[in-house]
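Enquirer: Following this line is target21.pdb, made up of PDB, C-alpha atoms and all ligand atoms:
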ATOM      1  CA  MET E   1       4.991 -11.889  -5.615
ATOM      2  CA  SER E   2       4.056 -11.090  -2.000
ATOM      3  CA  GLN E   3       1.106  -8.814  -1.409
ATOM      4  CA  GLU E   4       1.002  -6.068   1.181
ATOM      5  CA  LEU E   5      -0.526  -7.305   4.443
ATOM      6  CA  ASN E   6      -2.333  -5.163   6.989
ATOM      7  CA  PHE E   7      -3.317  -6.544  10.384
ATOM      8  CA  LYS E   8      -4.230  -3.170  11.891
ATOM      9  CA  GLN E   9      -7.942  -2.432  12.139
ATOM     10  CA  GLU E  10      -9.485   1.035  12.442
ATOM     11  CA  LEU E  11     -11.224   1.449  15.790
ATOM     12  CA  VAL E  12     -14.490   3.054  16.909
ATOM     13  CA  GLY E  13     -16.707   2.160  19.821
ATOM     14  CA  CYS E  14     -19.149   3.161  22.521
ATOM     15  CA  PHE E  15     -18.301   4.539  25.965
ATOM     16  CA  GLY E  16     -21.007   4.039  28.582
ATOM     17  CA  PHE E  17     -21.714   2.862  32.109
ATOM     18  CA  PRO E  18     -23.454   0.490  32.285
ATOM     19  CA  VAL E  19     -23.022  -0.447  28.645
ATOM     20  CA  ALA E  20     -23.259  -4.235  28.316
ATOM     21  CA  GLU E  21     -26.845  -4.104  27.022
ATOM     22  CA  ASN E  22     -26.142  -1.463  24.386
ATOM     23  CA  PRO E  23     -26.871  -3.126  21.016
ATOM     24  CA  THR E  24     -25.022  -0.662  18.756
ATOM     25  CA  GLN E  25     -22.118  -3.011  18.003
ATOM     26  CA  ALA E  26     -24.601  -5.589  16.693
ATOM     27  CA  MET E  27     -25.683  -3.229  13.882
ATOM     28  CA  ILE E  28     -22.407  -1.371  13.198
ATOM     29  CA  GLU E  29     -20.055  -4.325  12.685
ATOM     30  CA  PRO E  30     -22.271  -6.060  10.059
ATOM     31  CA  ALA E  31     -22.475  -2.686   8.269
ATOM     32  CA  PHE E  32     -18.656  -2.451   8.220
ATOM     33  CA  ARG E  33     -18.409  -6.006   6.854
ATOM     34  CA  ALA E  34     -20.974  -5.238   4.138
ATOM     35  CA  LEU E  35     -18.881  -2.201   3.138
ATOM     36  CA  GLY E  36     -15.740  -4.367   3.055
ATOM     37  CA  LEU E  37     -14.163  -2.326   5.866
ATOM     38  CA  ASP E  38     -11.856  -4.048   8.349
ATOM     39  CA  TRP E  39     -13.043  -1.858  11.226
ATOM     40  CA  ARG E  40     -13.986  -2.776  14.805
ATOM     41  CA  TYR E  41     -16.695  -1.281  17.045
ATOM     42  CA  LEU E  42     -15.882  -1.923  20.705
ATOM     43  CA  THR E  43     -18.459  -1.758  23.497
ATOM     44  CA  LEU E  44     -16.435  -0.203  26.320
ATOM     45  CA  GLU E  45     -17.486   0.133  29.930
ATOM     46  CA  VAL E  46     -16.146   3.476  31.140
ATOM     47  CA  LYS E  47     -16.865   4.627  34.691
ATOM     48  CA  PRO E  48     -17.548   8.368  35.079
ATOM     49  CA  GLU E  49     -14.240   8.955  36.905
ATOM     50  CA  ASP E  50     -12.341   7.186  34.090
ATOM     51  CA  LEU E  51     -13.771   9.252  31.227
ATOM     52  CA  PRO E  52     -10.750  11.632  30.880
ATOM     53  CA  ALA E  53      -8.366   8.640  30.701
ATOM     54  CA  ALA E  54     -10.673   6.842  28.251
ATOM     55  CA  VAL E  55     -10.751   9.833  25.862
ATOM     56  CA  ALA E  56      -6.956  10.173  26.160
ATOM     57  CA  GLY E  57      -6.700   6.439  25.449
ATOM     58  CA  ALA E  58      -8.893   6.788  22.357
ATOM     59  CA  ARG E  59      -6.549   9.503  21.109
ATOM     60  CA  ALA E  60      -3.480   7.346  21.852
ATOM     61  CA  PHE E  61      -4.994   4.362  19.998
ATOM     62  CA  GLY E  62      -5.960   6.556  17.052
ATOM     63  CA  PHE E  63      -9.709   5.879  17.332
ATOM     64  CA  GLN E  64     -11.633   7.240  14.339
ATOM     65  CA  GLY E  65     -14.347   8.240  16.812
ATOM     66  CA  PHE E  66     -16.739   6.835  19.392
ATOM     67  CA  ASN E  67     -20.313   6.996  20.586
ATOM     68  CA  CYS E  68     -21.108   8.259  24.075
ATOM     69  CA  THR E  69     -24.071   7.049  26.018
ATOM     70  CA  ILE E  70     -25.316   7.485  29.578
ATOM     71  CA  PRO E  71     -23.680   9.004  31.693
ATOM     72  CA  HIS E  72     -21.079  10.604  29.374
ATOM     73  CA  LYS E  73     -23.070  12.648  26.833
ATOM     74  CA  VAL E  74     -22.501  15.989  28.595
ATOM     75  CA  ALA E  75     -19.353  15.191  30.594
ATOM     76  CA  VAL E  76     -17.356  14.290  27.458
ATOM     77  CA  ILE E  77     -17.616  17.830  26.037
ATOM     78  CA  GLU E  78     -14.733  19.298  28.075
ATOM     79  CA  HIS E  79     -12.388  16.608  26.710
ATOM     80  CA  LEU E  80     -13.120  17.351  23.035
ATOM     81  CA  ASP E  81     -11.580  19.806  20.551
ATOM     82  CA  GLY E  82     -14.860  21.222  19.225
ATOM     83  CA  LEU E  83     -18.601  20.719  18.696
ATOM     84  CA  GLY E  84     -20.902  20.518  15.684
ATOM     85  CA  GLU E  85     -23.940  22.870  15.510
ATOM     86  CA  SER E  86     -26.587  20.567  16.991
ATOM     87  CA  ALA E  87     -24.354  19.151  19.724
ATOM     88  CA  SER E  88     -23.541  22.720  20.665
ATOM     89  CA  LEU E  89     -27.237  23.740  20.748
ATOM     90  CA  MET E  90     -28.224  20.642  22.734
ATOM     91  CA  GLY E  91     -25.215  20.683  25.048
ATOM     92  CA  ALA E  92     -24.898  16.911  24.534
ATOM     93  CA  VAL E  93     -22.713  14.678  22.379
ATOM     94  CA  ASN E  94     -23.499  11.104  21.373
ATOM     95  CA  CYS E  95     -20.964  10.730  18.565
ATOM     96  CA  VAL E  96     -17.347  11.878  18.549
ATOM     97  CA  VAL E  97     -15.599  12.103  15.194
ATOM     98  CA  ASN E  98     -11.838  12.200  14.591
ATOM     99  CA  ARG E  99     -11.379  14.934  11.978
ATOM    100  CA  ASP E 100      -7.694  15.330  11.097
ATOM    101  CA  GLY E 101      -6.635  14.359  14.609
ATOM    102  CA  LYS E 102      -9.210  16.573  16.352
ATOM    103  CA  PHE E 103     -12.065  14.999  18.338
ATOM    104  CA  ILE E 104     -15.270  16.830  17.346
ATOM    105  CA  GLY E 105     -18.538  16.170  19.215
ATOM    106  CA  GLU E 106     -21.682  15.643  17.167
ATOM    107  CA  ASN E 107     -25.205  14.622  18.055
ATOM    108  CA  THR E 108     -26.740  12.102  15.687
ATOM    109  CA  ASP E 109     -29.853  11.111  17.724
ATOM    110  CA  GLY E 110     -32.036  13.897  16.385
ATOM    111  CA  LYS E 111     -30.490  13.765  12.891
ATOM    112  CA  GLY E 112     -31.296  10.049  12.813
ATOM    113  CA  PHE E 113     -34.873  10.811  13.785
ATOM    114  CA  VAL E 114     -35.196  13.447  11.057
ATOM    115  CA  SER E 115     -33.760  11.106   8.454
ATOM    116  CA  SER E 116     -36.196   8.291   9.367
ATOM    117  CA  PHE E 117     -39.045  10.847   9.395
ATOM    118  CA  ARG E 118     -38.118  12.143   5.930
ATOM    119  CA  GLU E 119     -38.628   8.649   4.514
ATOM    120  CA  LEU E 120     -42.325   9.103   5.307
ATOM    121  CA  ALA E 121     -43.022  12.843   5.130
ATOM    122  CA  ASP E 122     -41.619  16.359   4.883
ATOM    123  CA  PRO E 123     -41.284  18.083   8.282
ATOM    124  CA  THR E 124     -41.457  21.589   6.772
ATOM    125  CA  GLY E 125     -44.247  23.672   8.287
ATOM    126  CA  GLN E 126     -45.608  20.796  10.395
ATOM    127  CA  SER E 127     -46.918  20.769  13.980
ATOM    128  CA  MET E 128     -45.493  18.230  16.410
ATOM    129  CA  LEU E 129     -46.606  16.897  19.795
ATOM    130  CA  LEU E 130     -43.438  15.926  21.677
ATOM    131  CA  LEU E 131     -43.764  13.797  24.813
ATOM    132  CA  GLY E 132     -40.703  13.900  27.085
ATOM    133  CA  ALA E 133     -37.889  16.364  27.779
ATOM    134  CA  GLY E 134     -34.847  14.127  28.349
ATOM    135  CA  GLY E 135     -31.879  13.614  26.022
ATOM    136  CA  ALA E 136     -33.872  11.969  23.231
ATOM    137  CA  ALA E 137     -36.644  14.598  23.322
ATOM    138  CA  ARG E 138     -34.105  17.429  23.311
ATOM    139  CA  ALA E 139     -32.357  15.955  20.277
ATOM    140  CA  ILE E 140     -35.622  15.406  18.392
ATOM    141  CA  GLY E 141     -37.053  18.826  19.302
ATOM    142  CA  VAL E 142     -33.913  20.692  18.196
ATOM    143  CA  GLU E 143     -33.384  18.777  14.922
ATOM    144  CA  MET E 144     -37.033  18.777  13.890
ATOM    145  CA  ALA E 145     -37.124  22.548  14.455
ATOM    146  CA  LEU E 146     -33.945  22.949  12.353
ATOM    147  CA  ALA E 147     -35.595  20.688   9.733
ATOM    148  CA  GLY E 148     -38.563  23.050   9.422
ATOM    149  CA  VAL E 149     -41.211  22.037  11.988
ATOM    150  CA  ARG E 150     -43.043  25.241  12.876
ATOM    151  CA  ARG E 151     -45.087  24.371  15.997
ATOM    152  CA  ILE E 152     -44.006  22.174  18.904
ATOM    153  CA  THR E 153     -46.330  21.267  21.767
ATOM    154  CA  LEU E 154     -44.243  19.836  24.534
ATOM    155  CA  ALA E 155     -45.338  17.741  27.526
ATOM    156  CA  ASN E 156     -43.200  16.226  30.263
ATOM    157  CA  ARG E 157     -43.871  14.549  33.602
ATOM    158  CA  SER E 158     -41.539  16.878  35.508
ATOM    159  CA  GLU E 159     -42.447  20.474  34.707
ATOM    160  CA  GLU E 160     -38.945  21.764  35.525
ATOM    161  CA  ARG E 161     -37.292  19.648  32.835
ATOM    162  CA  GLY E 162     -40.129  20.436  30.405
ATOM    163  CA  ARG E 163     -39.641  24.170  30.941
ATOM    164  CA  GLU E 164     -35.884  23.816  30.361
ATOM    165  CA  LEU E 165     -36.506  22.297  26.949
ATOM    166  CA  GLU E 166     -39.174  24.909  26.233
ATOM    167  CA  ALA E 167     -36.613  27.653  26.996
ATOM    168  CA  LEU E 168     -34.002  26.030  24.738
ATOM    169  CA  LEU E 169     -36.493  25.763  21.861
ATOM    170  CA  LYS E 170     -37.877  29.270  22.345
ATOM    171  CA  GLY E 171     -34.399  30.839  22.697
ATOM    172  CA  PRO E 172     -31.287  29.564  20.868
ATOM    173  CA  VAL E 173     -33.149  27.090  18.629
ATOM    174  CA  THR E 174     -35.700  29.644  17.418
ATOM    175  CA  GLU E 175     -32.776  31.977  16.706
ATOM    176  CA  ALA E 176     -30.924  29.239  14.772
ATOM    177  CA  THR E 177     -34.030  28.587  12.655
ATOM    178  CA  GLY E 178     -34.310  32.269  11.793
ATOM    179  CA  GLY E 179     -37.530  32.717  13.821
ATOM    180  CA  GLY E 180     -41.141  31.664  13.366
ATOM    181  CA  LEU E 181     -41.057  28.630  15.677
ATOM    182  CA  GLU E 182     -44.032  28.382  18.057
ATOM    183  CA  VAL E 183     -43.462  26.384  21.243
ATOM    184  CA  ASN E 184     -46.093  25.590  23.902
ATOM    185  CA  TYR E 185     -45.583  23.698  27.130
ATOM    186  CA  LEU E 186     -48.529  21.500  28.159
ATOM    187  CA  PRO E 187     -48.788  20.165  31.733
ATOM    188  CA  TRP E 188     -48.967  16.359  31.585
ATOM    189  CA  ASP E 189     -51.658  15.260  34.020
ATOM    190  CA  GLY E 190     -53.970  12.590  32.691
ATOM    191  CA  ASP E 191     -54.307  11.499  29.085
ATOM    192  CA  ILE E 192     -53.158  14.139  26.600
ATOM    193  CA  GLU E 193     -55.381  14.817  23.614
ATOM    194  CA  VAL E 194     -53.471  15.428  20.386
ATOM    195  CA  PRO E 195     -53.892  19.171  19.629
ATOM    196  CA  GLU E 196     -55.794  20.252  16.510
ATOM    197  CA  GLY E 197     -53.594  20.486  13.414
ATOM    198  CA  THR E 198     -50.871  18.141  14.703
ATOM    199  CA  GLY E 199     -49.153  16.051  12.033
ATOM    200  CA  ILE E 200     -46.429  14.413  14.128
ATOM    201  CA  VAL E 201     -46.696  12.694  17.517
ATOM    202  CA  VAL E 202     -43.509  11.507  19.234
ATOM    203  CA  ASN E 203     -43.057   9.471  22.388
ATOM    204  CA  ALA E 204     -39.554  10.462  23.471
ATOM    205  CA  THR E 205     -39.929   9.171  27.049
ATOM    206  CA  SER E 206     -38.593   5.847  28.287
ATOM    207  CA  ILE E 207     -42.140   4.523  28.843
ATOM    208  CA  GLY E 208     -42.481   1.031  27.354
ATOM    209  CA  LEU E 209     -38.789   0.123  27.444
ATOM    210  CA  PHE E 210     -38.053  -3.522  28.308
ATOM    211  CA  PRO E 211     -38.886  -4.937  30.859
ATOM    212  CA  ASP E 212     -41.859  -2.537  31.401
ATOM    213  CA  VAL E 213     -43.322  -3.428  28.040
ATOM    214  CA  ASP E 214     -46.957  -2.988  29.102
ATOM    215  CA  ALA E 215     -46.444   0.525  30.497
ATOM    216  CA  ARG E 216     -48.781   2.977  28.809
ATOM    217  CA  VAL E 217     -48.013   6.453  27.486
ATOM    218  CA  ALA E 218     -50.728   8.736  28.928
ATOM    219  CA  LEU E 219     -52.150   9.776  25.553
ATOM    220  CA  ASP E 220     -55.740   9.618  24.320
ATOM    221  CA  VAL E 221     -55.038   7.337  21.361
ATOM    222  CA  ASP E 222     -58.541   7.957  20.012
ATOM    223  CA  THR E 223     -57.331  11.447  19.069
ATOM    224  CA  LEU E 224     -54.748   9.905  16.675
ATOM    225  CA  THR E 225     -55.862  10.129  13.046
ATOM    226  CA  PRO E 226     -54.586   8.405   9.876
ATOM    227  CA  GLU E 227     -52.880  11.563   8.484
ATOM    228  CA  MET E 228     -50.490  11.619  11.460
ATOM    229  CA  VAL E 229     -46.991  10.165  11.689
ATOM    230  CA  VAL E 230     -46.522   8.580  15.116
ATOM    231  CA  ALA E 231     -43.001   7.827  16.335
ATOM    232  CA  ASP E 232     -41.741   5.971  19.379
ATOM    233  CA  VAL E 233     -38.083   6.124  20.438
ATOM    234  CA  ILE E 234     -38.171   2.820  22.344
ATOM    235  CA  PRO E 235     -35.895   0.358  20.513
ATOM    236  CA  ASN E 236     -36.616  -2.665  22.708
ATOM    237  CA  PRO E 237     -39.221  -3.909  22.033
ATOM    238  CA  PRO E 238     -39.708  -2.132  18.671
ATOM    239  CA  ARG E 239     -43.460  -2.823  18.511
ATOM    240  CA  THR E 240     -44.445  -0.890  21.628
ATOM    241  CA  ARG E 241     -48.009  -0.533  22.779
ATOM    242  CA  LEU E 242     -48.095   2.977  21.219
ATOM    243  CA  VAL E 243     -46.704   1.678  17.907
ATOM    244  CA  ARG E 244     -49.400  -1.031  17.830
ATOM    245  CA  GLU E 245     -52.230   1.340  18.760
ATOM    246  CA  ALA E 246     -51.139   3.954  16.209
ATOM    247  CA  THR E 247     -50.860   1.292  13.501
ATOM    248  CA  GLU E 248     -54.400   0.085  14.313
ATOM    249  CA  ARG E 249     -55.657   3.659  13.824
ATOM    250  CA  GLY E 250     -54.083   3.890  10.372
ATOM    251  CA  CYS E 251     -51.183   6.232  11.270
ATOM    252  CA  GLN E 252     -47.787   5.954   9.619
ATOM    253  CA  VAL E 253     -45.379   4.739  12.264
ATOM    254  CA  ILE E 254     -41.645   5.088  13.019
ATOM    255  CA  ASP E 255     -40.387   2.648  15.629
ATOM    256  CA  GLY E 256     -37.297   3.007  17.827
ATOM    257  CA  LEU E 257     -35.229   0.782  15.532
ATOM    258  CA  GLY E 258     -35.847   3.227  12.670
ATOM    259  CA  MET E 259     -34.217   6.023  14.675
ATOM    260  CA  LEU E 260     -31.436   3.805  16.027
ATOM    261  CA  VAL E 261     -30.472   2.580  12.563
ATOM    262  CA  ALA E 262     -30.684   6.064  11.029
ATOM    263  CA  GLN E 263     -28.384   7.592  13.669
ATOM    264  CA  GLY E 264     -25.987   4.665  13.185
ATOM    265  CA  VAL E 265     -25.912   5.355   9.439
ATOM    266  CA  ILE E 266     -24.942   8.979  10.120
ATOM    267  CA  GLY E 267     -22.235   7.896  12.613
ATOM    268  CA  ILE E 268     -20.687   5.521  10.068
ATOM    269  CA  GLU E 269     -20.792   8.262   7.408
ATOM    270  CA  TYR E 270     -19.023  10.658   9.787
ATOM    271  CA  TRP E 271     -16.338   8.098  10.707
ATOM    272  CA  THR E 272     -15.667   6.386   7.379
ATOM    273  CA  GLY E 273     -16.973   8.755   4.694
ATOM    274  CA  GLN E 274     -19.008   5.835   3.305
ATOM    275  CA  THR E 275     -22.768   5.221   3.405
ATOM    276  CA  PRO E 276     -23.771   1.859   4.886
ATOM    277  CA  ASP E 277     -26.829  -0.212   3.992
ATOM    278  CA  PRO E 278     -29.564   0.489   6.583
ATOM    279  CA  ALA E 279     -31.322  -2.801   5.729
ATOM    280  CA  VAL E 280     -28.253  -4.781   6.854
ATOM    281  CA  MET E 281     -28.231  -2.833  10.117
ATOM    282  CA  ARG E 282     -31.949  -3.169  10.792
ATOM    283  CA  SER E 283     -32.022  -6.895  10.167
ATOM    284  CA  ALA E 284     -29.011  -7.378  12.476
ATOM    285  CA  LEU E 285     -30.906  -5.545  15.227
ATOM    286  CA  GLU E 286     -34.152  -7.412  14.553
ATOM    287  CA  GLU E 287     -32.222 -10.628  15.038
ATOM    288  CA  VAL E 288     -30.865  -9.374  18.367
ATOM    289  CA  PHE E 289     -34.289  -8.294  19.607
ATOM    290  CA  GLY E 290     -36.124 -11.295  18.128
ATOM    291  CA  ALA E 291     -38.399  -8.809  16.352
TER     292      ALA E 291
HETATM  293  P1  LIG U 301     -33.721  10.536  29.871
HETATM  294  O1  LIG U 301     -33.550   9.833  31.169
HETATM  295  O2  LIG U 301     -32.877  11.721  29.550
HETATM  296  O3  LIG U 301     -35.274  11.032  29.768
HETATM  297  C1  LIG U 301     -36.337  10.177  30.076
HETATM  298  C2  LIG U 301     -37.647  10.871  29.741
HETATM  299  O4  LIG U 301     -38.722   9.944  29.973
HETATM  300  C3  LIG U 301     -37.942  12.088  30.615
HETATM  301  O5  LIG U 301     -38.683  13.016  29.866
HETATM  302  C4  LIG U 301     -38.787  11.462  31.737
HETATM  303  O6  LIG U 301     -39.603  12.401  32.380
HETATM  304  C5  LIG U 301     -39.635  10.520  30.921
HETATM  305  N1  LIG U 301     -40.230   9.448  31.707
HETATM  306  C6  LIG U 301     -39.614   8.343  32.199
HETATM  307  N2  LIG U 301     -40.503   7.554  32.829
HETATM  308  C7  LIG U 301     -41.706   8.182  32.734
HETATM  309  C8  LIG U 301     -43.021   7.875  33.205
HETATM  310  N3  LIG U 301     -43.266   6.763  33.884
HETATM  311  N4  LIG U 301     -44.022   8.741  32.906
HETATM  312  C9  LIG U 301     -43.782   9.878  32.203
HETATM  313  N5  LIG U 301     -42.553  10.216  31.740
HETATM  314  C10 LIG U 301     -41.542   9.386  32.021
HETATM  315  O7  LIG U 301     -33.592   9.437  28.747
HETATM  316  P2  LIG U 301     -33.323   9.641  27.182
HETATM  317  O8  LIG U 301     -34.116  10.806  26.701
HETATM  318  O9  LIG U 301     -31.877   9.585  26.926
HETATM  319  O10 LIG U 301     -33.947   8.294  26.602
HETATM  320  C11 LIG U 301     -35.360   8.111  26.579
HETATM  321  C12 LIG U 301     -35.657   6.849  25.792
HETATM  322  O11 LIG U 301     -35.233   7.034  24.461
HETATM  323  C13 LIG U 301     -34.893   5.614  26.306
HETATM  324  O12 LIG U 301     -35.826   4.565  26.426
HETATM  325  C14 LIG U 301     -33.900   5.299  25.225
HETATM  326  O13 LIG U 301     -33.753   3.903  25.048
HETATM  327  C15 LIG U 301     -34.561   5.898  24.011
HETATM  328  N6  LIG U 301     -33.600   6.333  22.994
HETATM  329  C16 LIG U 301     -33.710   5.783  21.765
HETATM  330  C17 LIG U 301     -32.861   6.143  20.773
HETATM  331  C18 LIG U 301     -33.013   5.504  19.447
HETATM  332  O14 LIG U 301     -32.136   5.704  18.598
HETATM  333  N7  LIG U 301     -34.080   4.758  19.206
HETATM  334  C19 LIG U 301     -31.795   7.159  20.976
HETATM  335  C20 LIG U 301     -31.789   7.720  22.301
HETATM  336  C21 LIG U 301     -32.659   7.294  23.267
HETATM  337  P3  LIG U 301     -39.038  13.218  33.671
HETATM  338  O15 LIG U 301     -38.243  14.368  33.127
HETATM  339  O16 LIG U 301     -40.269  13.629  34.375
HETATM  340  O17 LIG U 301     -38.198  12.246  34.465
END
Could you show the structure in this file as structure tokens?
Ligand code: NDP
Expert:
Amino acid sequence: MSQELNFKQELVGCFGFPVAENPTQAMIEPAFRALGLDWRYLTLEVKPEDLPAAVAGARAFGFQGFNCTIPHKVAVIEHLDGLGESASLMGAVNCVVNRDGKFIGENTDGKGFVSSFRELADPTGQSMLLLGAGGAARAIGVEMALAGVRRITLANRSEERGRELEALLKGPVTEATGGGLEVNYLPWDGDIEVPEGTGIVVNATSIGLFPDVDARVALDVDTLTPEMVVADVIPNPPRTRLVREATERGCQVIDGLGMLVAQGVIGIEYWTGQTPDPAVMRSALEEVFGA
């Protein structure tokens, strides 16, 4: 008796420019294999002027969704059919999901951070020092506030961008949380001391990213204490200078791979409806980064 054969894979991928160094495929495809799914994750170089055609192409090919990275996270929005709550608050999409033929924009960066944080502690009622005001900081600030953080002290090199994030957190995000969020902007000149009562310290800048691995986050690390959770978004290398210094001071630490894997887990759940094994994904990335 002949069995039914299927040579058609389901497709997802990543649109970016440049994109060749994006490691997402290296963790997503092993996760698909471990789930027994014949899916493909394509790393696709899409120039800014080609984004409309690329999204139309994804529709034509029946993509189940795709990640967006620099420079498409904001530009993609006008080509989509709708936005999830956090993507709408942040004004940025990093994960598009095909829901019944409609492309819906989500943002999994901050959700991934929250999920890796929850493995260590409960964010409810906590105070957080957030360094940076770019895409990653925005995502983390918004989702941690929605997850129950009650005080955010924010510092950024450029005051203008810092104030923009402050306004977002004080306005629409505070409203979405039902009120009670306290947000303070701190000018970042010289080493920042961790404010009294802080439980969470996050480097959400690109300081320390390969090849500038010795670059130092201007933070007085002697003000880190063992009750704090210290997180660094830098995925390459995972053991940044801040991660090492925080570990030496007895803090619990989340490295950039923790966040990368956790947001990948959420993306796969959105696309396939199945939950992948994060250990498979982390070890695939560790192999790539020689960690
Ligand atoms: P953006 O370009 O949007 O923001 C960069 C941020 O870093 C800004 O706040 C910028 O400050 C700050 N910055 C850069 N260089 C310095 C410096 N020398 N001193 C002080 N501040 C500096 O990038 P993203 O937010 O998208 O990404 C930031 C990092 O997060 C990247 O390294 C990326 O790899 C990582 N990331 C990790 C993820 C993960 O899953 N692990 C997910 C998403 C991002 P200013 O505004 O003054 O320029």
Enquirer: What does the PyMOL selection byres (((chain E and resi 138) around 10) and not hetatm) select in this file, as a VMD selection string?
Expert: chain E and resid 89 to 92 109 to 110 130 132 to 137 139 to 144 162 164 to 166 168 to 169 204
Enquirer: Which one is closest to Asp38 of chain E: E:Thr153, E:Leu224, E:Glu182, E:Asn6? Count only C-alpha atoms.
Expert: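 Once distances to Asp38 of chain E are computed over only C-alpha atoms, the minimum belongs to E:Asn6.
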Enquirer: Skipping near chain neighbours, those fewer than 2 positions away, what residues fall within 10 Å of segment 259-272 of chain E using all atoms listed in the file, listed as a VMD selection string?
Expert: chain E and resid 10 to 12 23 to 25 27 to 28 31 to 32 37 39 63 to 67 94 to 99 106 to 117 231 to 235 254 to 257 274 to 283 285
Enquirer: Show me the residues close to (-55.7, 19.7, 16.0) - anything with an atom within 12 Å, counting all atoms listed in the file - and format the list as JSON, numbers by chain.
Expert: {"E": [126, 127, 128, 129, 151, 153, 193, 194, 195, 196, 197, 198, 199, 200, 201, 223, 224, 225, 227, 228]}
Enquirer: Go through E:Glu248, E:Glu21, E:Glu29, E:Asp220 one by one, measure the shortest atom-to-atom distance of each to ligand LIG 301 (chain U) using all atoms listed in the file, and give the residue with the smallest value.
Expert: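 Smallest separation from ligand LIG 301 (chain U) among the options: E:Glu21.
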Enquirer: Emit as JSON the padded axis-aligned box for all listed atoms of ligand LIG 301 (chain U), 6 Å per side, with centre and edge lengths in Å to one decimal.
Expert:
{"center_x": -37.9, "center_y": 9.1, "center_z": 26.5, "size_x": 24.2, "size_y": 22.5, "size_z": 27.9}
Enquirer: Using atom CA of Ile104 of chain E and atom CA of Gly84 of chain E as the two end points, give the distance in Å to one decimal.
Expert: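 Distance reported for this atom pair: 6.9 Å.
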Enquirer: Please measure the separation of atom CA of Leu242 of chain E and atom CA of Arg216 of chain E, giving the value in Å to one decimal.
Expert: 7.6 Å
